[in-house]
file model_13.txt (compact mmCIF, C-alpha atoms (C1' of nucleotides))
# COMPACT_ATOMS: atom_id res chain seq x y z
CA MET A 1 -15.80 -7.90 -30.53
CA THR A 2 -14.96 -11.48 -29.60
CA ALA A 3 -15.34 -12.52 -25.98
CA GLU A 4 -11.62 -13.11 -25.67
CA ALA A 5 -10.64 -9.69 -27.01
CA THR A 6 -13.01 -7.92 -24.61
CA LYS A 7 -11.72 -10.01 -21.73
CA VAL A 8 -8.14 -9.01 -22.54
CA GLN A 9 -9.14 -5.35 -22.66
CA ILE A 10 -10.81 -5.64 -19.28
CA VAL A 11 -7.75 -7.26 -17.72
CA GLU A 12 -5.45 -4.63 -19.21
CA ALA A 13 -7.61 -1.80 -17.88
CA ALA A 14 -7.94 -3.46 -14.47
CA ASP A 15 -4.19 -4.01 -14.34
CA ARG A 16 -3.53 -0.32 -14.91
CA LEU A 17 -6.26 0.90 -12.55
CA PHE A 18 -5.32 -1.50 -9.75
CA TYR A 19 -1.82 -0.08 -10.01
CA GLU A 20 -2.79 3.58 -10.21
CA ARG A 21 -5.74 3.65 -7.79
CA GLY A 22 -5.31 0.47 -5.77
CA TYR A 23 -7.38 -2.70 -5.88
CA GLU A 24 -10.08 -1.70 -3.39
CA HIS A 25 -10.43 1.83 -4.67
CA THR A 26 -11.05 0.62 -8.23
CA SER A 27 -14.71 -0.18 -8.90
CA PHE A 28 -16.31 -2.26 -11.63
CA ALA A 29 -17.77 0.97 -12.93
CA ASP A 30 -14.26 2.44 -13.27
CA ILE A 31 -13.02 -0.53 -15.28
CA ALA A 32 -16.18 -0.71 -17.39
CA ALA A 33 -15.91 3.01 -18.19
CA GLU A 34 -12.28 2.56 -19.22
CA VAL A 35 -13.16 -0.29 -21.62
CA GLN A 36 -16.36 1.49 -22.68
CA ILE A 37 -18.73 -1.33 -21.91
CA SER A 38 -21.67 -1.41 -19.53
CA ARG A 39 -21.45 -2.80 -16.02
CA GLY A 40 -23.89 -5.50 -17.09
CA ASN A 41 -21.69 -6.68 -19.92
CA PHE A 42 -18.83 -6.71 -17.51
CA TYR A 43 -20.35 -9.55 -15.53
CA TYR A 44 -20.56 -11.68 -18.64
CA HIS A 45 -16.76 -11.80 -18.60
CA PHE A 46 -15.97 -11.78 -14.89
CA ARG A 47 -18.37 -12.77 -12.16
CA THR A 48 -16.47 -11.42 -9.14
CA LYS A 49 -13.81 -8.85 -8.36
CA ASP A 50 -11.55 -11.60 -7.08
CA GLU A 51 -11.73 -13.27 -10.50
CA ILE A 52 -10.47 -10.07 -12.13
CA LEU A 53 -7.68 -9.78 -9.60
CA ASP A 54 -6.61 -13.36 -10.33
CA ALA A 55 -6.62 -12.62 -14.05
CA VAL A 56 -4.57 -9.45 -13.47
CA ILE A 57 -2.03 -11.37 -11.39
CA ARG A 58 -1.78 -14.11 -14.03
CA ARG A 59 -1.22 -11.45 -16.67
CA ARG A 60 1.47 -9.77 -14.58
CA LEU A 61 3.19 -13.11 -14.03
CA GLU A 62 3.25 -13.63 -17.80
CA THR A 63 4.48 -10.15 -18.75
CA THR A 64 7.07 -10.23 -15.97
CA GLN A 65 8.38 -13.60 -17.12
CA ALA A 66 8.53 -12.28 -20.67
CA MET A 67 10.49 -9.23 -19.49
CA LEU A 68 12.96 -11.41 -17.59
CA ASP A 69 13.35 -13.68 -20.61
CA GLY A 70 14.05 -10.60 -22.70
CA TRP A 71 16.78 -9.40 -20.34
CA GLU A 72 18.22 -12.90 -20.34
CA ALA A 73 18.40 -12.88 -24.14
CA GLU A 74 19.69 -9.31 -24.52
CA GLY A 75 22.14 -9.12 -21.61
CA ALA A 76 25.58 -10.40 -22.55
CA GLY A 77 26.35 -11.52 -19.02
CA PRO A 78 24.79 -11.58 -15.56
CA VAL A 79 26.07 -8.11 -14.66
CA GLU A 80 24.42 -6.57 -17.73
CA ARG A 81 21.20 -8.43 -17.00
CA ILE A 82 21.05 -7.40 -13.35
CA THR A 83 21.75 -3.87 -14.51
CA SER A 84 18.59 -4.11 -16.63
CA PHE A 85 16.70 -4.95 -13.45
CA ILE A 86 18.14 -1.99 -11.56
CA GLN A 87 17.40 0.32 -14.47
CA ILE A 88 13.63 -0.30 -14.26
CA LEU A 89 13.68 2.39 -11.59
CA ILE A 90 14.86 4.82 -14.28
CA VAL A 91 12.82 3.45 -17.19
CA ASN A 92 9.55 3.50 -15.20
CA GLN A 93 10.53 6.50 -13.10
CA THR A 94 7.44 8.60 -13.81
CA LYS A 95 4.96 5.90 -12.86
CA ILE A 96 7.01 4.77 -9.87
CA MET A 97 7.22 8.31 -8.52
CA ALA A 98 3.43 8.56 -8.85
CA PHE A 99 2.30 5.10 -7.72
CA GLY A 100 5.27 3.16 -6.34
CA CYS A 101 6.18 -0.34 -7.45
CA PRO A 102 3.23 -2.33 -8.85
CA VAL A 103 4.39 -5.51 -7.12
CA GLY A 104 5.23 -4.03 -3.73
CA THR A 105 2.11 -1.89 -3.44
CA LEU A 106 -0.19 -4.73 -4.50
CA THR A 107 1.28 -7.21 -2.00
CA SER A 108 1.05 -4.57 0.74
CA GLU A 109 -2.58 -3.86 -0.02
CA LEU A 110 -3.55 -7.53 -0.22
CA ALA A 111 -1.71 -8.22 3.05
CA LYS A 112 -3.84 -5.64 4.85
CA LEU A 113 -7.02 -6.94 3.25
CA GLY A 114 -6.10 -10.48 4.24
CA HIS A 115 -6.92 -11.31 0.63
CA PRO A 116 -6.71 -14.93 -0.63
CA SER A 117 -4.67 -13.84 -3.67
CA GLN A 118 -1.75 -12.73 -1.50
CA ALA A 119 0.19 -15.84 -2.50
CA GLY A 120 -0.30 -15.07 -6.18
CA ALA A 121 1.02 -11.55 -5.76
CA THR A 122 3.99 -12.82 -3.78
CA GLY A 123 4.68 -15.10 -6.75
CA LEU A 124 5.62 -11.96 -8.67
CA PHE A 125 8.40 -11.35 -6.17
CA SER A 126 9.46 -14.99 -6.53
CA LEU A 127 9.89 -14.54 -10.26
CA PHE A 128 12.35 -11.68 -9.72
CA ARG A 129 13.98 -13.42 -6.79
CA HIS A 130 14.78 -16.62 -8.65
CA TRP A 131 15.82 -14.84 -11.82
CA LEU A 132 18.20 -12.59 -9.87
CA ALA A 133 19.53 -15.54 -7.86
CA ARG A 134 20.25 -17.33 -11.13
CA GLN A 135 22.24 -14.32 -12.36
CA PHE A 136 24.26 -14.12 -9.14
CA GLY A 137 24.83 -17.86 -9.52
CA LEU A 138 26.32 -17.17 -12.96
CA MET A 139 28.59 -14.66 -11.22
CA GLY A 140 30.02 -17.52 -9.22
CA ARG A 141 28.00 -17.31 -6.02
CA ASP A 142 26.69 -20.52 -4.50
CA GLY A 143 22.94 -21.10 -4.10
CA GLY A 144 22.34 -19.67 -0.62
CA GLU A 145 24.55 -16.68 -1.20
CA ALA A 146 23.04 -15.97 -4.62
CA ASP A 147 19.54 -16.03 -3.12
CA GLN A 148 20.55 -13.68 -0.34
CA LEU A 149 22.03 -11.22 -2.84
CA ALA A 150 18.84 -11.47 -4.92
CA LEU A 151 16.65 -10.64 -1.92
CA HIS A 152 18.99 -7.83 -0.95
CA LEU A 153 18.73 -6.17 -4.34
CA LEU A 154 14.98 -6.75 -4.49
CA ALA A 155 14.60 -5.09 -1.09
CA ARG A 156 16.73 -2.14 -2.09
CA SER A 157 14.73 -1.49 -5.25
CA GLN A 158 11.50 -1.78 -3.24
CA GLY A 159 12.76 0.79 -0.76
CA VAL A 160 13.75 3.20 -3.50
CA ALA A 161 10.32 2.83 -5.12
CA THR A 162 8.51 3.51 -1.83
CA LEU A 163 10.55 6.62 -1.06
CA ALA A 164 10.37 7.74 -4.68
CA SER A 165 6.58 7.91 -4.55
CA ALA A 166 6.63 9.61 -1.15
CA LEU A 167 9.28 12.22 -1.92
CA ARG A 168 8.92 12.52 -5.73
CA ASP A 169 12.63 13.24 -5.83
CA LYS A 170 14.25 12.31 -9.15
CA ALA A 171 17.77 13.01 -7.93
CA PHE A 172 17.32 10.58 -5.05
CA VAL A 173 16.23 7.80 -7.40
CA GLU A 174 19.18 8.41 -9.70
CA ALA A 175 21.68 8.49 -6.84
CA GLU A 176 20.35 5.20 -5.46
CA VAL A 177 20.43 3.56 -8.87
CA GLN A 178 24.06 4.67 -9.24
CA ASP A 179 24.82 3.25 -5.81
CA MET A 180 23.17 -0.08 -6.64
CA CYS A 181 25.19 -0.33 -9.85
CA ALA A 182 28.37 0.37 -7.89
CA TRP A 183 27.39 -2.29 -5.38
CA LEU A 184 26.81 -4.72 -8.23
CA SER A 185 30.30 -4.04 -9.63
CA ALA A 186 31.74 -4.80 -6.21
CA GLN A 187 30.07 -8.22 -6.36
CA VAL A 188 32.07 -9.23 -9.43
CA PRO A 189 34.73 -11.63 -8.18
CA VAL A 190 38.26 -10.40 -8.82
CA PRO A 191 40.30 -13.06 -10.70
CA THR A 192 42.80 -14.76 -8.36
CA HIS A 193 45.90 -13.68 -10.30
CA LEU A 194 44.99 -9.98 -9.83
CA GLN A 195 44.41 -10.15 -6.09
CA MET B 1 -16.07 9.89 29.79
CA THR B 2 -14.77 13.32 28.90
CA ALA B 3 -14.90 14.35 25.28
CA GLU B 4 -11.13 14.50 25.10
CA ALA B 5 -10.59 11.01 26.50
CA THR B 6 -13.05 9.49 24.03
CA LYS B 7 -11.42 11.38 21.20
CA VAL B 8 -8.01 9.99 22.15
CA GLN B 9 -9.43 6.48 22.26
CA ILE B 10 -10.91 6.92 18.79
CA VAL B 11 -7.63 8.17 17.36
CA GLU B 12 -5.70 5.30 18.97
CA ALA B 13 -8.11 2.73 17.55
CA ALA B 14 -8.12 4.39 14.13
CA ASP B 15 -4.32 4.53 14.15
CA ARG B 16 -4.09 0.79 14.76
CA LEU B 17 -6.84 -0.14 12.28
CA PHE B 18 -5.53 2.12 9.51
CA TYR B 19 -2.22 0.33 9.91
CA GLU B 20 -3.59 -3.20 10.06
CA ARG B 21 -6.43 -2.96 7.53
CA GLY B 22 -5.57 0.13 5.53
CA TYR B 23 -7.27 3.53 5.54
CA GLU B 24 -9.97 2.83 2.95
CA HIS B 25 -10.76 -0.63 4.22
CA THR B 26 -11.37 0.67 7.76
CA SER B 27 -14.94 1.86 8.30
CA PHE B 28 -16.39 4.12 10.97
CA ALA B 29 -18.28 1.09 12.23
CA ASP B 30 -14.98 -0.77 12.69
CA ILE B 31 -13.49 2.04 14.75
CA ALA B 32 -16.69 2.61 16.74
CA ALA B 33 -16.89 -1.11 17.55
CA GLU B 34 -13.27 -1.06 18.73
CA VAL B 35 -13.92 1.88 21.06
CA GLN B 36 -17.33 0.47 22.01
CA ILE B 37 -19.33 3.55 21.14
CA SER B 38 -22.17 3.93 18.63
CA ARG B 39 -21.65 5.25 15.13
CA GLY B 40 -23.84 8.20 16.08
CA ASN B 41 -21.63 9.18 18.98
CA PHE B 42 -18.68 8.84 16.69
CA TYR B 43 -19.79 11.81 14.62
CA TYR B 44 -19.90 14.00 17.70
CA HIS B 45 -16.10 13.69 17.83
CA PHE B 46 -15.17 13.53 14.15
CA ARG B 47 -17.32 14.75 11.30
CA THR B 48 -15.47 13.18 8.38
CA LYS B 49 -13.06 10.34 7.74
CA ASP B 50 -10.46 12.84 6.56
CA GLU B 51 -10.62 14.52 9.97
CA ILE B 52 -9.76 11.23 11.66
CA LEU B 53 -6.92 10.62 9.25
CA ASP B 54 -5.50 14.05 10.02
CA ALA B 55 -5.75 13.35 13.74
CA VAL B 56 -4.05 9.97 13.25
CA ILE B 57 -1.22 11.57 11.28
CA ARG B 58 -0.79 14.29 13.93
CA ARG B 59 -0.64 11.59 16.60
CA ARG B 60 1.93 9.61 14.62
CA LEU B 61 4.05 12.72 14.16
CA GLU B 62 3.99 13.26 17.94
CA THR B 63 4.78 9.66 18.92
CA THR B 64 7.47 9.43 16.26
CA GLN B 65 9.12 12.63 17.47
CA ALA B 66 8.96 11.30 21.03
CA MET B 67 10.61 8.06 19.92
CA LEU B 68 13.39 9.94 18.15
CA ASP B 69 13.91 12.17 21.18
CA GLY B 70 14.15 9.02 23.30
CA TRP B 71 16.82 7.51 21.06
CA GLU B 72 18.66 10.82 21.13
CA ALA B 73 18.65 10.80 24.94
CA GLU B 74 19.53 7.11 25.37
CA GLY B 75 22.05 6.62 22.58
CA ALA B 76 25.58 7.50 23.68
CA GLY B 77 26.62 8.53 20.20
CA PRO B 78 25.25 8.76 16.65
CA VAL B 79 26.14 5.16 15.80
CA GLU B 80 24.21 3.80 18.79
CA ARG B 81 21.27 6.05 17.91
CA ILE B 82 21.15 5.00 14.27
CA THR B 83 21.37 1.42 15.45
CA SER B 84 18.18 2.03 17.43
CA PHE B 85 16.55 3.07 14.17
CA ILE B 86 17.73 -0.04 12.33
CA GLN B 87 16.59 -2.25 15.20
CA ILE B 88 12.92 -1.20 14.83
CA LEU B 89 12.79 -3.89 12.15
CA ILE B 90 13.57 -6.42 14.88
CA VAL B 91 11.59 -4.81 17.70
CA ASN B 92 8.43 -4.51 15.58
CA GLN B 93 9.15 -7.60 13.52
CA THR B 94 5.82 -9.34 14.10
CA LYS B 95 3.70 -6.38 13.04
CA ILE B 96 5.99 -5.49 10.14
CA MET B 97 5.86 -9.05 8.78
CA ALA B 98 2.07 -8.85 8.94
CA PHE B 99 1.38 -5.29 7.79
CA GLY B 100 4.60 -3.72 6.53
CA CYS B 101 5.85 -0.32 7.69
CA PRO B 102 3.09 1.99 8.97
CA VAL B 103 4.67 5.01 7.29
CA GLY B 104 5.48 3.43 3.94
CA THR B 105 2.17 1.65 3.51
CA LEU B 106 0.16 4.74 4.47
CA THR B 107 1.99 7.02 2.05
CA SER B 108 1.60 4.41 -0.72
CA GLU B 109 -2.11 4.13 -0.10
CA LEU B 110 -2.68 7.88 0.06
CA ALA B 111 -0.64 8.37 -3.13
CA LYS B 112 -2.97 6.02 -5.01
CA LEU B 113 -6.05 7.69 -3.56
CA GLY B 114 -4.70 11.11 -4.50
CA HIS B 115 -5.57 12.04 -0.93
CA PRO B 116 -4.99 15.60 0.33
CA SER B 117 -3.23 14.29 3.47
CA GLN B 118 -0.36 12.85 1.42
CA ALA B 119 1.87 15.72 2.50
CA GLY B 120 1.14 15.05 6.17
CA ALA B 121 2.07 11.40 5.81
CA THR B 122 5.25 12.32 3.95
CA GLY B 123 6.07 14.51 6.95
CA LEU B 124 6.56 11.30 8.92
CA PHE B 125 9.35 10.36 6.54
CA SER B 126 10.81 13.84 6.94
CA LEU B 127 11.03 13.36 10.71
CA PHE B 128 13.17 10.25 10.27
CA ARG B 129 15.12 11.78 7.42
CA HIS B 130 16.18 14.88 9.32
CA TRP B 131 16.88 13.00 12.52
CA LEU B 132 19.06 10.48 10.68
CA ALA B 133 20.81 13.25 8.75
CA ARG B 134 21.59 14.96 12.05
CA GLN B 135 23.17 11.76 13.35
CA PHE B 136 25.28 11.31 10.22
CA GLY B 137 26.27 14.96 10.65
CA LEU B 138 27.52 14.12 14.14
CA MET B 139 29.55 11.36 12.49
CA GLY B 140 31.40 14.03 10.57
CA ARG B 141 29.50 14.04 7.29
CA ASP B 142 28.65 17.37 5.72
CA GLY B 143 25.02 18.39 5.14
CA GLY B 144 24.40 17.02 1.64
CA GLU B 145 26.21 13.79 2.32
CA ALA B 146 24.48 13.28 5.66
CA ASP B 147 21.08 13.74 4.01
CA GLN B 148 21.94 11.26 1.27
CA LEU B 149 23.02 8.67 3.83
CA ALA B 150 19.80 9.29 5.75
CA LEU B 151 17.66 8.69 2.66
CA HIS B 152 19.71 5.64 1.78
CA LEU B 153 19.11 4.02 5.16
CA LEU B 154 15.45 5.03 5.13
CA ALA B 155 15.03 3.42 1.72
CA ARG B 156 16.76 0.24 2.82
CA SER B 157 14.56 -0.18 5.87
CA GLN B 158 11.47 0.48 3.73
CA GLY B 159 12.55 -2.22 1.31
CA VAL B 160 13.13 -4.72 4.07
CA ALA B 161 9.69 -3.95 5.54
CA THR B 162 7.97 -4.43 2.19
CA LEU B 163 9.67 -7.75 1.48
CA ALA B 164 9.20 -8.85 5.10
CA SER B 165 5.43 -8.57 4.80
CA ALA B 166 5.44 -10.27 1.39
CA LEU B 167 7.74 -13.16 2.28
CA ARG B 168 7.18 -13.42 6.06
CA ASP B 169 10.78 -14.55 6.35
CA LYS B 170 12.35 -13.81 9.74
CA ALA B 171 15.81 -14.91 8.67
CA PHE B 172 15.75 -12.46 5.76
CA VAL B 173 14.90 -9.56 8.07
CA GLU B 174 17.65 -10.50 10.51
CA ALA B 175 20.24 -10.86 7.75
CA GLU B 176 19.36 -7.45 6.32
CA VAL B 177 19.49 -5.82 9.75
CA GLN B 178 22.94 -7.34 10.26
CA ASP B 179 24.01 -6.02 6.88
CA MET B 180 22.72 -2.52 7.64
CA CYS B 181 24.62 -2.49 10.94
CA ALA B 182 27.77 -3.56 9.12
CA TRP B 183 27.20 -0.82 6.57
CA LEU B 184 26.78 1.69 9.41
CA SER B 185 30.11 0.61 10.96
CA ALA B 186 31.77 1.20 7.62
CA GLN B 187 30.50 4.78 7.70
CA VAL B 188 32.47 5.58 10.86
CA PRO B 189 35.41 7.70 9.73
CA VAL B 190 38.79 6.14 10.52
CA PRO B 191 41.00 8.61 12.49
CA THR B 192 43.73 10.05 10.26
CA HIS B 193 46.63 8.71 12.35
CA LEU B 194 45.39 5.13 11.84
CA GLN B 195 45.01 5.32 8.08
C1' DG C 1 -22.08 13.13 25.28
C1' DT C 2 -24.37 9.34 23.84
C1' DC C 3 -27.87 7.01 21.73
C1' DT C 4 -31.34 5.13 17.82
C1' DA C 5 -33.11 5.88 13.51
C1' DT C 6 -32.57 7.30 9.01
C1' DA C 7 -30.98 9.65 4.68
C1' DT C 8 -28.08 9.02 0.72
C1' DA C 9 -24.58 7.31 -2.22
C1' DG C 10 -21.84 3.83 -4.04
C1' DA C 11 -20.30 -0.76 -4.23
C1' DG C 12 -20.72 -5.69 -5.90
C1' DA C 13 -23.74 -8.66 -8.08
C1' DT C 14 -28.11 -10.52 -10.70
C1' DA C 15 -32.21 -10.86 -14.12
C1' DG C 16 -33.84 -10.71 -18.21
C1' DA C 17 -34.66 -8.20 -22.76
C1' DC C 18 -32.43 -7.71 -27.21
C1' DG D 1 -22.28 -10.45 -26.30
C1' DT D 2 -24.22 -6.46 -24.86
C1' DC D 3 -27.54 -3.78 -22.86
C1' DT D 4 -30.91 -1.61 -19.06
C1' DA D 5 -32.96 -2.18 -14.85
C1' DT D 6 -32.74 -3.67 -10.33
C1' DC D 7 -31.47 -6.01 -5.95
C1' DT D 8 -28.76 -5.95 -1.81
C1' DC D 9 -25.36 -4.59 1.15
C1' DT D 10 -22.33 -1.47 3.25
C1' DA D 11 -20.37 2.92 3.65
C1' DT D 12 -20.39 7.87 4.95
C1' DA D 13 -23.04 11.10 7.01
C1' DT D 14 -27.21 13.46 9.40
C1' DA D 15 -31.37 14.32 12.61
C1' DG D 16 -33.19 14.43 16.63
C1' DA D 17 -34.46 12.08 21.17
C1' DC D 18 -32.50 11.46 25.79
call {"tool": "encode", "arguments": {"input": "model_13.txt", "output": "structure tokens"}}
result
Amino acid sequence: MTAEATKVQIVEAADRLFYERGYEHTSFADIAAEVQISRGNFYYHFRTKDEILDAVIRRRLETTQAMLDGWEAEGAGPVERITSFIQILIVNQTKIMAFGCPVGTLTSELAKLGHPSQAGATGLFSLFRHWLARQFGLMGRDGGEADQLALHLLARSQGVATLASALRDKAFVEAEVQDMCAWLSAQVPVPTHLQ
Amino acid sequence: MTAEATKVQIVEAADRLFYERGYEHTSFADIAAEVQISRGNFYYHFRTKDEILDAVIRRRLETTQAMLDGWEAEGAGPVERITSFIQILIVNQTKIMAFGCPVGTLTSELAKLGHPSQAGATGLFSLFRHWLARQFGLMGRDGGEADQLALHLLARSQGVATLASALRDKAFVEAEVQDMCAWLSAQVPVPTHLQ
DNA sequence: GTCTATATAGAGATAGAC
DNA sequence: GTCTATCTCTATATAGAC
């Protein structure tokens, strides 16, 4: 196995375990077992736990950006694209009901640890924030307003994810997603001649 | 010091530290240092970390119920009472921007740990849920609808708390609180003769 | 009830053989 | 690049003196 391929496997395993078990609760031994390498070999690729966390955050930034780019390409207009965002709660329902939102739970954990990578994790929120703001901009909202709507929707989806993992209530998630879609429709400006 | 008084001090310190640093990241030594007793003495009062967590959750259930009872007594009507709930985001703003919501972050952490006290922590959400549902009931909503509104508001405040601790943006919190209050006003049924 | 001292397990991290 | 063996530190938890 090339060094790079092993490194990628480690980061993928760490990414999943950090999400499912939390950063602190995941040990090198856990990750090494997942990738089926020895702890010793592990240190050839990453010297500290913080280095792995940084690599995981970088990877998440990349995959998130790729996902947003995909929605941008697929979605005919801003409403369809924002709907893709809202629908993650349905698409990833099983994992979210078990472990919450990967972004929200990581930032919360790092905040309590006072961890230096907090800023990196917050960058994940920024990606969504600016992408959403751009979409609301395309819907005719000016900069400040578009950003506020983006944060609003981001907060709502965070809240649903948190309650989803606490209550494990599928119907609740679906009702909230419906409500967010309805809210989104209400944001579409009505053409002047129909008012 | 009586055994009971020391025990209370331990639970108070653990409550604060579990919130600020997280459950796993808080050690017995941390709590003992806070209460200024030795680690040895500590084990006279609590034999395992799970026992402390249970005591902390019981304490939170009590203080939360007391808070809700207080709002019930003070608030003239359901709208004023629900406003008290929304305003926690302002009243506890500093701590929430630093550590998120104590209920949401604890349930998230315990979910990832697969901890047996998950149900206890979820009980904290239930307290808010049923209290809020009762208030919406007083506003004329039937049972199912009142519960859905309660969960909706609970989710929104969770989302604001999560983003607040990630972004540390006071203006965002205040704007969302304003928006929730406006939403609440819109839930007040308009008397038939004015429609 | 409170202490010091200690047992034991697991973590992160390193050294050096292959 | 991968391994085994080991160091060190910190955590939970216990034993027993006072």
call {"tool": "atom_distance", "arguments": {"input": "model_13.txt", "atom1": "CA of Gly123 (chain B)", "atom2": "CA of Cys181 (chain A)"}}
result
29.5 Å
call {"tool": "closest_atom_pairs", "arguments": {"input": "model_13.txt", "of": "chain A", "to": "chain C", "cutoff": "10 Å", "atoms": "all atoms listed in the file", "output": "CSV"}}
result
residue,atom,partner,partner_atom,distance
A:Ser27,CA,C:DA11,C1',7.3
A:Phe28,CA,C:DG12,C1',8.0
A:Ala29,CA,C:DA11,C1',9.2
A:Gly40,CA,C:DT14,C1',9.2
A:Tyr43,CA,C:DA13,C1',8.2
A:Arg47,CA,C:DA13,C1',7.9
A:Thr48,CA,C:DG12,C1',7.8
A:Lys49,CA,C:DG12,C1',8.0
call {"tool": "atom_distance", "arguments": {"input": "model_13.txt", "atom1": "CA of Phe18 (chain A)", "atom2": "CA of Ile31 (chain A)"}}
result
9.5 Å
call {"tool": "interface_residues", "arguments": {"input": "model_13.txt", "of": "chain D", "to": "chain B", "cutoff": "10 Å", "atoms": "all atoms listed in the file", "output": "ChimeraX atom specification"}}
result
/D:10-14
call {"tool": "closest_atom_pairs", "arguments": {"input": "model_13.txt", "of": "chain B", "to": "chain A", "cutoff": "7 Å", "atoms": "all atoms listed in the file", "output": "CSV"}}
result
residue,atom,partner,partner_atom,distance
B:Glu20,CA,A:Lys112,CA,5.8
B:Arg21,CA,A:Lys112,CA,4.6
B:Gly22,CA,A:Lys112,CA,6.1
B:Phe99,CA,A:Lys112,CA,6.0
B:Gly100,CA,A:Ser108,CA,6.8
B:Gly104,CA,A:Thr162,CA,6.5
B:Thr105,CA,A:Ser108,CA,6.9
B:Thr107,CA,A:Ala166,CA,6.2
B:Ser108,CA,A:Gly100,CA,6.8
B:Ala111,CA,A:Phe99,CA,6.4
B:Lys112,CA,A:Arg21,CA,4.6
B:Leu113,CA,A:Arg21,CA,5.9
B:Thr122,CA,A:Ala166,CA,5.9
B:Ala155,CA,A:Gly159,CA,4.3
B:Arg156,CA,A:Gly159,CA,5.4
B:Ser157,CA,A:Gly159,CA,6.9
B:Gln158,CA,A:Gly159,CA,4.7
B:Gly159,CA,A:Gly159,CA,3.7
B:Val160,CA,A:Ala155,CA,5.4
B:Thr162,CA,A:Gly104,CA,6.5
B:Leu163,CA,A:Ala155,CA,6.2
B:Ala166,CA,A:Thr122,CA,5.9
